[in-house]
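Student: If you scroll down you'll find the structure; I have some questions about it.
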Amino acid sequence: LIARRVREAGVYAVLKPFNTPISDIRALAPKAIILSGGPASVTEENSPRAPMEVFDMGVPVLGICYGLQTMCAQLG
């Protein structure tokens with residue numbers, strides 16, 4: 001749904017899972033990154049995390065639901 005809305009706004013969007021290697025993400029040369037929601041909880045052991053390198057790429061990062069929660073947990 002998020003990617004569809006972004007595309008409807010005329011923006012090219014690609015969906016990638018949270019465990020995509022950072023080299024693959026860099027190869028896409030994204031203009032921005034959206035971390036979406038999911039069923040996990042950031043308080044659970046071994047819950048999914050964004051690669052820390054995502055936050056150092058110099059592009060805007062938008063967290064939605066779980067995406068924002070993991071950003072807060074990871075970045076403090």
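Naming scheme: A, B, ... for chains in displayed order of the structure tokens; residues 1 onward per chain; ligands 1 onward as shown.
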From a backbone DSSP assignment, name each residue in chain A labelled strand (DSSP E or B), as JSON, numbers by chain.
Tutor: {"A": [33, 34, 35, 61, 62, 63]}
Student: Would you pick out the contacts of stretch 39-48 of chain A at 12 Å or less, using only C-alpha atoms, so that residues sharing its chain but fewer than 4 positions from it are not included, and give the list as number ranges by chain?
Tutor: A: 17-20, 35, 52, 65-74
Student: Check chain A with DSSP on the backbone and list each residue it calls alpha helix (DSSP H), as number ranges by chain.
Tutor: A: 2-8, 22-27, 66-75
Student: Identify which of the residues A:Gly37, A:Ile25, A:Leu1, A:Pro30 lies closest to A:Arg49, counting only C-alpha atoms when measuring atom-to-atom distances.
Tutor: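 Smallest distance to A:Arg49 is found for A:Gly37.
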Student: Hey, can you check how far atom CA of A:Ile2 sits from atom CA of A:Ala29?
Tutor: 19.5 Å
Student: A:Ile34: which residues within 10 Å, counting only C-alpha atoms, same-chain residues fewer than 4 positions away excluded, as JSON, numbers by chain?
Tutor: {"A": [2, 3, 13, 15, 60, 61, 62, 63, 64, 67, 68]}
Student: Just the number, please: distance in Å from atom CA of A:Val59 to atom CA of A:Arg26, one decimal.
Tutor: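 Atom-to-atom, atom CA of A:Val59 and atom CA of A:Arg26 are spaced 10.9 Å apart.
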Student: Between atom CA of A:Gly58 and atom CA of A:Lys31, what is the distance in Å, rounded to a tenth?
Tutor: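 Spanning atom CA of A:Gly58 to atom CA of A:Lys31 is a straight-line distance of 9.0 Å.
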